[in-house]
Structures are given as C-alpha cells and as structure tokens.
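Visitor: What follows is the file upload-v1.cif, containing mmCIF, C-alpha atoms:
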```cif
data_query
loop_
_atom_site.label_atom_id
_atom_site.label_comp_id
_atom_site.auth_asym_id
_atom_site.auth_seq_id
_atom_site.Cartn_x
_atom_site.Cartn_y
_atom_site.Cartn_z
CA MET D 801 118.14 45.09 28.43
CA SER D 802 119.25 44.01 31.88
CA SER D 803 118.16 45.67 35.09
CA ALA D 804 121.63 47.12 35.59
CA GLN D 805 121.57 48.71 32.14
CA LYS D 806 118.09 50.16 32.77
CA THR D 807 119.26 51.66 36.00
CA VAL D 808 122.23 53.30 34.34
CA SER D 809 120.03 54.67 31.52
CA VAL D 810 117.50 56.18 33.92
CA PHE D 811 120.30 57.69 35.98
CA MET D 812 121.88 59.29 32.91
CA ALA D 813 118.48 60.60 31.72
CA LEU D 814 117.83 62.29 35.06
CA ILE D 815 121.25 63.90 35.07
CA SER D 816 120.69 65.18 31.49
CA ALA D 817 117.30 66.64 32.39
CA ILE D 818 118.73 68.41 35.43
CA LEU D 819 121.56 69.88 33.36
CA VAL D 820 119.09 71.15 30.69
CA LEU D 821 116.89 72.68 33.40
CA ILE D 822 119.83 74.47 35.01
CA LEU D 823 121.05 75.68 31.63
CA GLY D 824 117.57 77.03 30.66
CA LEU D 825 117.09 78.89 33.92
CA TYR D 826 120.58 80.34 33.83
CA THR D 827 120.20 81.69 30.22
CA ALA D 828 116.51 82.67 30.59
CA TRP D 829 115.20 80.66 27.65
CA PRO D 830 111.97 81.87 26.04
CA ALA D 831 108.79 79.84 26.56
CA TRP D 832 108.92 78.17 23.16
CA ALA D 833 112.44 76.81 23.84
CA TRP D 834 111.44 74.57 26.76
CA PRO D 835 109.27 72.09 24.80
CA LEU D 836 111.97 71.91 22.14
CA ALA D 837 114.61 71.08 24.76
CA VAL D 838 112.45 68.29 26.19
CA ILE D 839 111.90 66.78 22.73
CA LEU D 840 115.63 66.89 21.95
CA LEU D 841 116.51 65.34 25.33
CA GLY D 842 114.02 62.47 24.82
CA ALA D 843 115.32 61.84 21.33
CA ALA D 844 118.90 61.69 22.62
CA TRP D 845 117.98 59.27 25.39
CA ALA D 846 116.09 57.01 22.92
CA GLY D 847 119.09 57.01 20.59
CA VAL D 848 121.50 55.96 23.35
CA THR D 849 119.14 53.15 24.45
CA PHE D 850 118.77 51.87 20.88
CA ALA D 851 122.53 51.87 20.35
CA THR D 852 123.08 49.93 23.57
CA LEU D 853 120.54 47.26 22.62
CA ARG D 854 122.04 46.90 19.18
CA THR D 855 125.55 46.54 20.64
CA ASN D 856 124.51 43.76 23.09
CA ARG D 857 122.41 41.88 20.55
CA GLY D 858 123.92 38.41 19.87
CA ARG D 859 126.35 38.49 22.81
CA PRO D 860 126.13 35.65 25.41
CA LEU D 861 124.35 36.29 28.63
CA SER D 862 127.52 35.78 30.65
CA GLU D 863 129.10 38.77 28.91
CA THR D 864 126.17 41.05 29.44
CA VAL D 865 125.22 39.98 32.95
CA THR D 866 127.69 40.49 35.79
CA ALA D 867 127.52 37.71 38.41
CA PRO D 868 127.70 38.63 42.10
CA PRO D 869 131.18 38.19 43.66
CA VAL D 870 131.87 34.76 45.27
CA PRO D 871 133.53 34.80 48.67
CA GLU D 872 137.06 33.38 48.57
CA VAL D 873 137.43 29.93 50.10
CA GLU D 874 139.49 30.00 53.27
CA ARG D 875 142.72 28.02 52.80
CA ARG D 876 145.56 28.19 55.29
CA GLU D 877 148.84 26.46 56.10
CA LEU D 878 150.97 25.77 59.15
CA SER D 879 154.31 24.04 59.64
CA VAL D 880 154.98 21.42 62.31
CA ARG D 881 158.29 19.87 63.32
CA ASP D 882 159.36 16.70 65.16
CA ILE D 883 155.96 15.49 66.32
CA ALA D 884 156.40 12.04 67.95
CA LEU D 885 154.51 9.26 66.16
CA PRO D 886 154.39 5.63 67.41
CA SER D 887 156.11 2.74 65.64
CA ALA D 888 155.58 -1.02 65.88
CA LEU D 889 158.58 -1.24 68.26
CA ALA D 890 157.90 -0.01 71.78
CA ASP D 891 159.82 3.07 72.97
CA TYR D 892 161.01 3.95 69.44
CA ASP D 893 159.02 6.90 68.03
CA PHE D 894 159.23 8.51 64.62
CA LEU D 895 159.68 12.29 64.44
CA PHE D 896 157.21 13.81 61.94
CA SER D 897 157.63 17.20 60.23
CA ALA D 898 155.42 18.65 57.46
CA THR D 899 153.48 21.61 56.11
CA ILE D 900 149.76 21.15 56.86
CA ARG D 901 147.23 22.77 54.55
CA TRP D 902 143.52 22.95 55.33
CA CYS D 903 140.23 24.65 54.49
CA PRO D 904 136.83 24.65 56.22
CA GLU D 905 134.48 21.90 55.14
CA LYS D 906 131.73 24.54 54.73
CA PRO D 907 133.44 27.72 53.50
CA TYR D 908 130.32 29.94 53.62
CA ALA D 909 129.11 28.87 57.05
CA GLN D 910 128.96 31.46 59.79
CA ASP D 911 132.19 31.65 61.82
CA THR D 912 131.68 30.04 65.23
CA GLY D 913 135.14 30.74 66.61
CA THR D 914 136.50 27.27 65.80
CA HIS D 915 140.28 26.93 65.59
CA HIS D 916 140.49 25.21 62.25
CA GLY D 917 144.29 24.92 62.40
CA GLY D 918 144.12 22.76 65.54
CA LEU D 919 141.47 20.52 63.99
CA ALA D 920 143.54 20.15 60.83
CA LEU D 921 146.69 19.31 62.79
CA GLN D 922 144.89 16.64 64.82
CA ALA D 923 143.39 15.12 61.69
CA VAL D 924 146.75 14.86 59.94
CA VAL D 925 148.52 13.48 63.03
CA ASP D 926 145.85 10.79 63.45
CA ARG D 927 146.22 9.72 59.83
CA ALA D 928 150.01 9.71 60.06
CA GLY D 929 150.05 7.71 63.32
CA ALA D 930 147.87 4.99 61.80
CA VAL D 931 150.50 4.51 59.08
CA THR D 932 153.63 4.57 61.26
CA LEU D 933 152.18 2.26 63.92
CA ALA D 934 152.18 -0.60 61.39
CA HIS D 935 155.92 -0.33 60.63
CA GLN D 936 159.18 -1.15 62.36
CA PRO D 937 161.44 1.90 62.81
CA PHE D 938 164.39 0.44 60.88
CA ARG D 939 163.63 2.07 57.50
CA SER D 940 162.22 5.52 58.22
CA SER D 941 163.14 6.90 54.77
CA LEU D 942 161.06 4.20 53.04
CA ILE D 943 158.09 4.78 55.36
CA GLN D 944 158.35 8.52 54.67
CA HIS D 945 157.38 7.97 51.02
CA GLU D 946 154.37 5.89 52.02
CA LEU D 947 153.32 8.55 54.51
CA SER D 948 153.63 11.31 51.89
CA GLY D 949 151.19 9.43 49.67
CA ALA D 950 148.75 8.77 52.52
CA LEU D 951 148.60 12.48 53.47
CA ALA D 952 148.56 13.92 49.94
CA GLU D 953 144.76 14.09 49.71
CA MET D 954 142.43 16.65 51.29
CA LEU D 955 140.24 14.59 53.62
CA PRO D 956 137.76 15.71 56.31
CA ASP D 957 138.47 15.32 60.00
CA ARG D 958 136.37 13.10 62.25
CA GLY D 959 133.94 15.94 63.03
CA GLY D 960 133.55 16.97 59.40
CA ARG D 961 134.55 20.57 60.10
CA VAL D 962 137.80 20.89 58.13
CA ARG D 963 139.57 19.18 55.27
CA ALA D 964 143.33 18.75 55.65
CA MET D 965 146.43 17.37 53.94
CA ALA D 966 150.21 17.45 54.46
CA LEU D 967 153.03 18.56 52.17
CA ASP D 968 156.84 18.33 52.44
CA VAL D 969 156.64 15.31 54.77
CA VAL D 970 159.84 14.37 56.64
CA LEU D 971 160.01 11.27 58.86
CA ARG D 972 163.10 10.40 60.90
CA LEU D 973 164.36 8.99 64.19
CA SER D 974 166.23 10.77 66.94
CA GLU D 975 170.02 10.44 66.78
CA ASP D 976 170.14 8.31 69.95
CA ASP D 977 167.44 5.92 68.71
CA GLN D 978 169.10 5.66 65.32
CA ARG D 979 172.42 4.74 66.96
CA ARG D 980 170.74 2.11 69.10
CA LEU D 981 168.97 0.56 66.14
CA ASP D 982 172.17 0.52 64.09
CA ARG D 983 173.94 -1.22 66.96
CA LEU D 984 171.11 -3.75 67.38
CA ALA D 985 171.19 -4.46 63.66
CA ALA D 986 174.95 -5.08 63.76
CA ILE D 987 174.60 -7.41 66.78
CA ARG D 988 171.73 -9.26 65.12
CA LYS D 989 173.81 -9.79 62.00
CA ASP D 990 176.78 -11.03 64.04
CA GLU D 991 174.56 -13.43 66.00
CA GLU D 992 173.03 -14.77 62.82
CA LEU D 993 176.48 -15.28 61.31
CA TRP D 994 177.75 -16.95 64.49
CA GLU D 995 174.73 -19.24 64.59
CA HIS D 996 175.34 -20.36 61.00
CA GLU D 997 179.02 -20.93 61.73
CA ARG D 998 178.16 -22.91 64.88
CA LYS D 999 175.74 -25.12 62.95
CA GLN D 1000 178.32 -25.65 60.25
CA GLU D 1001 180.95 -26.61 62.83
CA LYS D 1002 178.52 -28.99 64.58
CA ASN D 1003 177.63 -30.61 61.28
CA LYS D 1004 181.32 -31.16 60.60
CA ARG D 1005 181.86 -32.66 64.06
CA ASP D 1006 178.90 -34.99 63.64
CA TYR D 1007 180.06 -35.98 60.19
CA LEU D 1008 183.61 -36.74 61.33
CA GLY D 1009 182.77 -38.28 64.71
CA ASP D 1010 179.67 -40.27 63.79
CA ASP D 1011 180.72 -41.35 60.31
CA VAL D 1012 184.27 -40.76 59.10
CA LEU D 1013 186.20 -41.55 62.30
CA GLN D 1014 184.04 -44.41 63.56
CA ASP D 1015 186.84 -46.80 62.68
CA THR D 1016 190.09 -46.79 60.75
CA GLY D 1017 188.53 -48.46 57.69
CA ARG D 1018 186.00 -45.66 57.20
CA ALA D 1019 188.69 -43.06 57.75
CA VAL D 1020 190.87 -44.66 55.04
CA VAL D 1021 187.99 -44.68 52.53
CA TRP D 1022 187.16 -41.03 53.33
CA TRP D 1023 190.82 -40.00 52.97
CA LEU D 1024 191.09 -41.86 49.66
CA ALA D 1025 188.05 -39.99 48.30
CA ARG D 1026 189.45 -36.67 49.50
CA ASN D 1027 192.77 -37.23 47.75
CA ASP D 1028 191.37 -38.06 44.31
CA GLU D 1029 192.02 -41.78 44.69
CA LYS D 1030 195.78 -41.38 45.26
CA VAL D 1031 196.28 -44.84 46.68
CA GLU D 1032 199.97 -44.58 47.54
CA ARG D 1033 199.51 -41.41 49.56
CA THR D 1034 196.55 -42.92 51.37
CA VAL D 1035 198.54 -46.05 52.27
CA ASN D 1036 201.30 -43.92 53.73
CA ASP D 1037 198.76 -42.08 55.89
CA ILE D 1038 197.03 -45.16 57.35
CA GLY D 1039 199.05 -44.91 60.57
CA LEU D 1040 198.00 -41.27 61.01
CA LEU D 1041 194.37 -42.17 60.33
CA ALA D 1042 194.56 -44.99 62.87
CA GLN D 1043 195.80 -42.53 65.49
CA LEU D 1044 193.00 -40.08 64.65
CA THR D 1045 190.38 -42.81 64.86
CA SER D 1046 191.64 -44.07 68.24
CA ALA D 1047 191.78 -40.53 69.64
CA ALA D 1048 188.28 -39.69 68.37
CA ASN D 1049 186.84 -42.78 70.10
CA ASN D 1050 189.04 -42.63 73.25
CA GLU D 1051 190.52 -46.05 72.48
CA ASN D 1052 193.93 -47.59 71.91
CA VAL D 1053 195.12 -48.04 68.36
CA ALA D 1054 193.55 -51.15 66.88
CA GLU D 1055 195.86 -54.19 66.80
CA PRO D 1056 196.03 -54.48 62.96
CA PHE D 1057 197.42 -50.91 62.71
CA ARG D 1058 199.76 -50.74 65.73
CA HIS D 1059 202.81 -51.53 63.66
CA LEU D 1060 202.08 -48.44 61.55
CA VAL D 1061 202.05 -46.13 64.56
CA PRO D 1062 205.48 -45.21 65.97
CA GLY D 1063 205.69 -45.82 69.76
CA ALA D 1064 202.47 -47.80 70.00
CA ALA D 1065 202.94 -50.49 72.71
CA PRO D 1066 202.21 -54.11 71.80
CA GLU D 1067 199.32 -55.92 73.41
CA ALA D 1068 201.57 -57.88 75.79
CA ALA D 1069 203.12 -54.68 77.12
CA VAL D 1070 199.72 -53.24 77.68
CA GLU D 1071 198.71 -56.27 79.71
CA ALA D 1072 201.95 -56.09 81.71
CA VAL D 1073 201.22 -52.53 82.70
CA ARG D 1074 197.90 -53.70 84.09
CA ASP D 1075 199.53 -56.32 86.45
CA PRO D 1076 198.31 -55.65 90.05
CA ALA D 1077 201.83 -55.54 91.49
CA ASP D 1078 202.87 -53.03 88.83
CA LEU D 1079 199.78 -50.92 89.46
CA PHE D 1080 200.47 -50.93 93.24
CA THR D 1081 204.12 -50.07 92.63
CA GLU D 1082 203.09 -47.14 90.43
CA PHE D 1083 200.62 -46.03 93.08
CA MET D 1084 203.31 -46.06 95.81
CA ARG D 1085 205.64 -44.12 93.55
CA GLN D 1086 203.01 -41.50 92.77
CA VAL D 1087 202.20 -41.11 96.49
CA GLY D 1088 205.90 -40.61 97.32
CA PHE D 1089 206.89 -43.83 99.12
CA LYS D 1090 210.38 -45.16 98.53
CA PRO D 1091 211.33 -48.86 98.83
CA GLY D 1092 213.06 -49.69 102.18
CA GLU D 1093 211.38 -46.93 104.19
CA ASP D 1094 209.58 -48.06 107.31
CA ALA D 1095 206.28 -46.50 106.29
CA CYS D 1096 206.57 -47.96 102.80
CA VAL D 1097 207.38 -51.46 104.19
CA MET D 1098 204.46 -51.27 106.64
CA VAL D 1099 201.92 -50.25 103.96
CA ALA D 1100 203.20 -52.88 101.54
CA ASP D 1101 203.09 -55.60 104.25
CA GLN D 1102 199.52 -54.68 105.19
CA VAL D 1103 198.39 -54.75 101.55
CA ALA D 1104 200.15 -58.10 101.04
CA ARG D 1105 198.42 -59.57 104.12
CA ALA D 1106 195.05 -58.24 102.93
CA ILE D 1107 195.25 -59.86 99.47
CA LYS D 1108 197.17 -63.00 100.44
CA ASP D 1109 194.13 -65.26 100.46
CA LYS D 1110 192.80 -63.97 97.13
CA ASN D 1111 196.07 -63.58 95.19
CA PRO D 1112 199.06 -65.04 97.04
CA ASP D 1113 201.44 -64.53 94.12
CA THR D 1114 200.71 -60.83 93.94
CA ALA D 1115 200.98 -60.52 97.73
CA GLU D 1116 204.40 -62.18 97.72
CA GLU D 1117 205.53 -59.96 94.81
CA ILE D 1118 204.49 -56.80 96.67
CA ARG D 1119 206.23 -57.95 99.90
CA THR D 1120 209.41 -58.75 97.96
CA ARG D 1121 209.46 -55.44 96.08
CA PHE D 1122 209.05 -53.30 99.19
CA ALA D 1123 211.03 -55.41 101.79
CA PRO D 1124 214.13 -53.81 103.38
CA PRO D 1125 217.42 -54.56 101.53
CA ASP D 1126 218.79 -56.75 104.38
CA GLU D 1127 215.70 -58.94 104.54
CA ALA D 1128 215.66 -59.29 100.81
CA SER D 1129 219.32 -60.47 100.89
CA GLU D 1130 218.63 -62.97 103.67
CA GLU D 1131 215.65 -64.35 101.79
CA ASN D 1132 217.80 -64.82 98.71
CA THR D 1133 220.62 -66.49 100.80
CA GLU D 1134 218.21 -68.82 102.56
CA SER D 1135 216.73 -69.75 99.25
CA GLU D 1136 220.17 -70.62 97.89
CA GLY D 1137 221.31 -72.47 101.10
CA GLY D 1138 218.14 -74.46 101.29
CA GLY D 1139 218.86 -75.78 97.84
CA ASP D 1140 222.40 -77.01 98.82
CA GLY D 1141 221.10 -78.81 101.96
CA GLU D 1142 218.61 -80.71 99.97
CA ASP D 1143 221.36 -81.79 97.58
CA ASP D 1144 223.61 -82.95 100.47
CA THR D 1145 220.85 -84.95 102.07
CA GLN D 1146 220.14 -86.66 98.89
CA GLU D 1147 223.78 -87.50 98.49
#
```
Any chance you could give the structure as structure tokens?
Guide:
Amino acid sequence: MSSAQKTVSVFMALISAILVLILGLYTAWPAWAWPLAVILLGAAWAGVTFATLRTNRGRPLSETVTAPPVPEVERRELSVRDIALPSALADYDFLFSATIRWCPEKPYAQDTGTHHGGLALQAVVDRAGAVTLAHQPFRSSLIQHELSGALAEMLPDRGGRVRAMALDVVLRLSEDDQRRLDRLAAIRKDEELWEHERKQEKNKRDYLGDDVLQDTGRAVVWWLARNDEKVERTVNDIGLLAQLTSAANNENVAEPFRHLVPGAAPEAAVEAVRDPADLFTEFMRQVGFKPGEDACVMVADQVARAIKDKNPDTAEEIRTRFAPPDEASEENTESEGGGDGEDDTQE
C-alpha cells in the first residue's frame, strides 16, 4: 500500500471512531456496548484495507502512484514586421516579417527578470541577417524559402538563455528599391544586348573590309558564293562590286573594271584633271576670280613669274588663260603676222 493510501485509511478510521463515539454518548450506550463497537469498527477498517490491497494487486505502479505535477514549460510568441536586414548590395535592405516563438533554455530556473522576448528577437534577427547578407536582393522570394528553412529550428541564443525559431517568414524589398532594381535589370539587359549587337556589327565590318572588299576579285568570289554559284548574275554585278571595292578602300575604280562602271573617267582624263594649269584654273574659279579682271590678271601673272624657271610651259599657259581679251588678241595677231613676214623674207 502506498503512503497516500495509508494516509487516507488512517483518516477514514479516525472519522469512523469519532462518529461511533458521538453516537454512543448521544444514545447513552451501556458499558458492554462500547467494547463491541470498537471490535466492529476495527473489523470494518480491516475489511476496507484488505479490499483495497486486493483491488490494486497486479496493477502497474504508474496507475497506483500519482506523480507530482510538472511545471508547464514557458513558450511564447511575438510578431515582427519589416525589420531591415542587410543584403550583398549596399543600400538595398530586405524587409523581414515573421512570428517568433521561444522558450527559456532552463524552464525551471528561478526568474531573474530577463526579457526573454527581446533575447529571442535578437537571436532570430542575427541568424536571418547572416543568411541575407550572402545574397543579392534581386530574388527576394527565392531567398525567403532559404530563410524559412534556416529559422525553422529551435536554437539557443549566444548567451544560452533562450531557444528561438521563426514561423510565417516573409522577405521582401521596399517598393522604391524594387522599382530601382527592376529598372537596373532592364538597363543591364539592354546594355548586354547592345554590346552583342555592336560586336556582331564590328565583326561584319572587319569581315567585309579586311577580307571581302579588299579587291574586286575577292568581292566577286564572295558574291558568287552568296548567290549559289549563279555565274550570269555575278557577271552582271561585277561593275557594282568594283564600285563597292573602290569605295571601301578610298580608291578609284581599278582599270580592268572601269568599262563596267557607268561614268567612270578613263585614265587619260584623270591625268588631264591633274595638269597644273587646270588645277590652278580650278583654284581661281573656286576662289571667285574671273578671267580678264585686274586682280585675276595680277595673281595669274605673279604665279606665272614664280614658276617660269621651273615649268615655263605651265607659266605661259596660265598667263595666256588669264590675260585680258585685248592682249590675247594682239598676241594671236602678232603670232600670225610674224609668220607672214618670215615667208616674205624667204621669198
């Protein structure tokens, strides 16, 4: 029999004895009735004790012994919203919201007035900041799942006073930061696309300028390959290819292909344009001088005198082109008269 059962039995026996005593005094029992009442009371108590032992026989100890009550472990929660957490990109913080749950590390220790909620909050924020600091802020929804897993376990704080975890984790960016990042992402994509297009264009220029359009022969072979070996079409386009080649190299159309290019001047004409007298005449025209004007005659005469020793033919040609009309007529008349005199003398 357990101590609790013994206590109950003794308590019940005392109560029964007191009731019998009160009943005997109240009814004025005779002297012989008192011993009989004691014997009957003892027999009743012994019977109850025997029945109790027989009932508990074979039952486990846990059913017959009542354990002392265990104090309930302290477990509390608090909700936080939009706590700034650092990211790997300066000036762009995550906003952290969650439900924080904690309990004291030593539930049965004497209360020292510690604010366990503050310790739990600091512990969770430290753990969350270590995760977010390693990530760029471009994919907050993906980082949110990683953070939920990192905070899903009850872990002690640095001082070992509370254990804390976080539920219902939400990680986001402010609306302004999200707009800025979206804009930066769009610009970065455009720049990357532009860079690829620029490289492609440069490659084409290098390919055409340094290879295809080096000369007309290469251009013809390239054009023939591009047109599935259609020889007749390629032959008809040789003049066009010659023009492209000359333009790409800042040169005149090559002599073998000039006849295929409409308006291309022959070599002799090109040399004629480069005659010094023609160049000087073009210069005077561009400046605004007109033949026969005093200023024009003076400039032409000075130029003719300056180059007479080096190129007398050009000097004479310049003087003739820019001489006044009267002098030019006299020179022509003298030239004709001089010829007749010589004939007369000979005759």
Visitor: Expand the PyMOL selection byres ((chain D and resi 1077) around 10) into the individual residues it matches in the shown file, reporting them as a ChimeraX atom specification.
Guide: /D:1072-1076,1078-1083,1113-1119,1121
Visitor: Would you put the residues from that selection into a file with C-alpha atoms, as a compact mmCIF listing (two decimals), in the coordinates of the input?
Guide:
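Result written to selection.txt:
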```txt
# COMPACT_ATOMS: atom_id res chain seq x y z
CA ALA D 1072 201.95 -56.09 81.71
CA VAL D 1073 201.22 -52.53 82.70
CA ARG D 1074 197.90 -53.70 84.09
CA ASP D 1075 199.53 -56.32 86.45
CA PRO D 1076 198.31 -55.65 90.05
CA ASP D 1078 202.87 -53.03 88.83
CA LEU D 1079 199.78 -50.92 89.46
CA PHE D 1080 200.47 -50.93 93.24
CA THR D 1081 204.12 -50.07 92.63
CA GLU D 1082 203.09 -47.14 90.43
CA PHE D 1083 200.62 -46.03 93.08
CA ASP D 1113 201.44 -64.53 94.12
CA THR D 1114 200.71 -60.83 93.94
CA ALA D 1115 200.98 -60.52 97.73
CA GLU D 1116 204.40 -62.18 97.72
CA GLU D 1117 205.53 -59.96 94.81
CA ILE D 1118 204.49 -56.80 96.67
CA ARG D 1119 206.23 -57.95 99.90
CA ARG D 1121 209.46 -55.44 96.08
```
Visitor: Selection in question (the file shown): the PyMOL selection byres ((chain D and resi 1049) around 10). Which residues does it include, as an mmCIF file with C-alpha atoms, keeping the file's coordinate frame?
Guide:
```cif
data_model
loop_
_atom_site.group_PDB
_atom_site.id
_atom_site.type_symbol
_atom_site.label_atom_id
_atom_site.label_comp_id
_atom_site.auth_asym_id
_atom_site.auth_seq_id
_atom_site.Cartn_x
_atom_site.Cartn_y
_atom_site.Cartn_z
ATOM 1 C CA GLY D 1009 182.770 -38.280 64.710
ATOM 2 C CA ASP D 1010 179.670 -40.270 63.790
ATOM 3 C CA LEU D 1013 186.200 -41.550 62.300
ATOM 4 C CA GLN D 1014 184.040 -44.410 63.560
ATOM 5 C CA ASP D 1015 186.840 -46.800 62.680
ATOM 6 C CA LEU D 1044 193.000 -40.080 64.650
ATOM 7 C CA THR D 1045 190.380 -42.810 64.860
ATOM 8 C CA SER D 1046 191.640 -44.070 68.240
ATOM 9 C CA ALA D 1047 191.780 -40.530 69.640
ATOM 10 C CA ALA D 1048 188.280 -39.690 68.370
ATOM 11 C CA ASN D 1050 189.040 -42.630 73.250
ATOM 12 C CA GLU D 1051 190.520 -46.050 72.480
ATOM 13 C CA ASN D 1052 193.930 -47.590 71.910
ATOM 14 C CA VAL D 1053 195.120 -48.040 68.360
#
```
Visitor: Could you state which residues are captured by the PyMOL selection byres ((chain D and resi 940) around 8) in this file, as JSON, numbers by chain?
Guide: {"D": [894, 937, 938, 939, 941, 942, 943, 944, 971, 972, 973]}
Visitor: Record the distance separating CA of Ala928 (chain D) and CA of Arg988 (chain D), expressed in Å with one decimal.
Guide: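 Answer for the CA of Ala928 (chain D) to CA of Arg988 (chain D) separation: 29.3 Å.
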Visitor: For region 873-890 of chain D, work out the shell of residues within 12 Å, counting all atoms listed in the file and skipping chain neighbours fewer than 4 positions away, then give it as a ChimeraX atom specification.
Guide: /D:894-909,911,915-922,924-940,943,947,954,962-974,977,981
Visitor: Put the listed atoms of region 1028-1044 of chain D in a box along x, y and z with 4 Å added on every side and give me the centre and edge lengths in Å to one decimal, as JSON.
Guide:
```
{"center_x": 196.3, "center_y": -42.1, "center_z": 54.9, "size_x": 17.9, "size_y": 16.0, "size_z": 29.2}
```
Visitor: Find the residues around Pro1056 (chain D) up to 12 Å (only C-alpha atoms counted), leave out those fewer than 2 positions away in its own chain, and share them as number ranges by chain.
Guide: D: 1015-1017, 1038-1039, 1042, 1052-1054, 1058-1061, 1064, 1066-1067
Visitor: Between CA of Pro1124 (chain D) and CA of Asp1094 (chain D), what is the distance in Å, rounded to a tenth?
Guide: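 Those two atoms sit 8.3 Å apart.
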Visitor: Kindly give the distance, in Å, that separates CA of Glu975 (chain D) and CA of Asp893 (chain D), rounded to a single decimal.
Guide: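 CA of Glu975 (chain D) sits 11.6 Å away from CA of Asp893 (chain D).
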Visitor: Residues within 6 Å of region 1095-1111 of chain D, please, as a PyMOL selection string. Count all atoms listed in the file; anything in the same chain fewer than 6 positions from it doesn't count.
Guide: chain D and resi 1089+1119+1122-1123
Visitor: Write out, as a JSON list (two decimals), in the frame of the given file, the residues just selected, with C-alpha atoms.
Guide:
```json
[["chain", "number", "residue", "atom", "x", "y", "z"],
["D", 1089, "PHE", "CA", 206.89, -43.83, 99.12],
["D", 1119, "ARG", "CA", 206.23, -57.95, 99.90],
["D", 1122, "PHE", "CA", 209.05, -53.30, 99.19],
["D", 1123, "ALA", "CA", 211.03, -55.41, 101.79]]
```
